[in-house]
Amino acid sequence: MSGTYLGMPAFPAAAREAVGNATLRGNLRHATHTIRAKRAKAVAEVEDWAELREAGKRIKDHTLRHLDTYLERLEESVTAAGGVVHWAADAE
């Protein structure tokens with residue numbers, strides 16, 4: 001599957017059109033500046049931001065290394081709550 005849906009232009013064509021759209025570029029610039037400003041404000045409010053960020057990275061890395069275990073635990077929890085988990089046979 002290509003990821004392009006019926007009627008959608010291919011990415012290169014869509015990107016070329018979007019780059020030429022001044023309104024879209026302005027909106028993206030505004031959104032980017034807003035997000036960066038809010039992030040900077042949040043970072044400034046937390047004294048140990050770098051340590052918290054590093055702790056989050058370690059948690060994420062650990063979880064990804066042991067993803068099989070966590071997915072099996074999730075399946076157990078979902079099943080215990082009455083849900084059904086469907087496993088894909090492969091990445092496709």
# chains A, B, ... in the order shown; residues from 1 in each chain; ligands from 1
$ select_by_dssp --residues "chain A" --states "helix (DSSP H, G or I)" --output "PyMOL selection string"
chain A and resi 11-19+22-45+49-65+67-80
$ atom_distance --atom1 "atom CA of A:Ile35" --atom2 "atom CA of A:Arg16"
24.6 Å
$ atom_distance --atom1 "atom CA of A:His86" --atom2 "atom CA of A:Asp68"
14.6 Å
$ residues_around --residues "stretch 69-75 of chain A" --least-positions-apart "4" --cutoff "12 Å" --atoms "only C-alpha atoms" --output "list in words"
Lys60, His62, Thr63, Leu64, Arg65, Thr79, Ala80, Ala81, Gly82, Gly83, Val84, Val85, His86 and Trp87 of chain A
$ atom_distance --atom1 "atom CA of A:His30" --atom2 "atom CA of A:Ala44"
21.2 Å
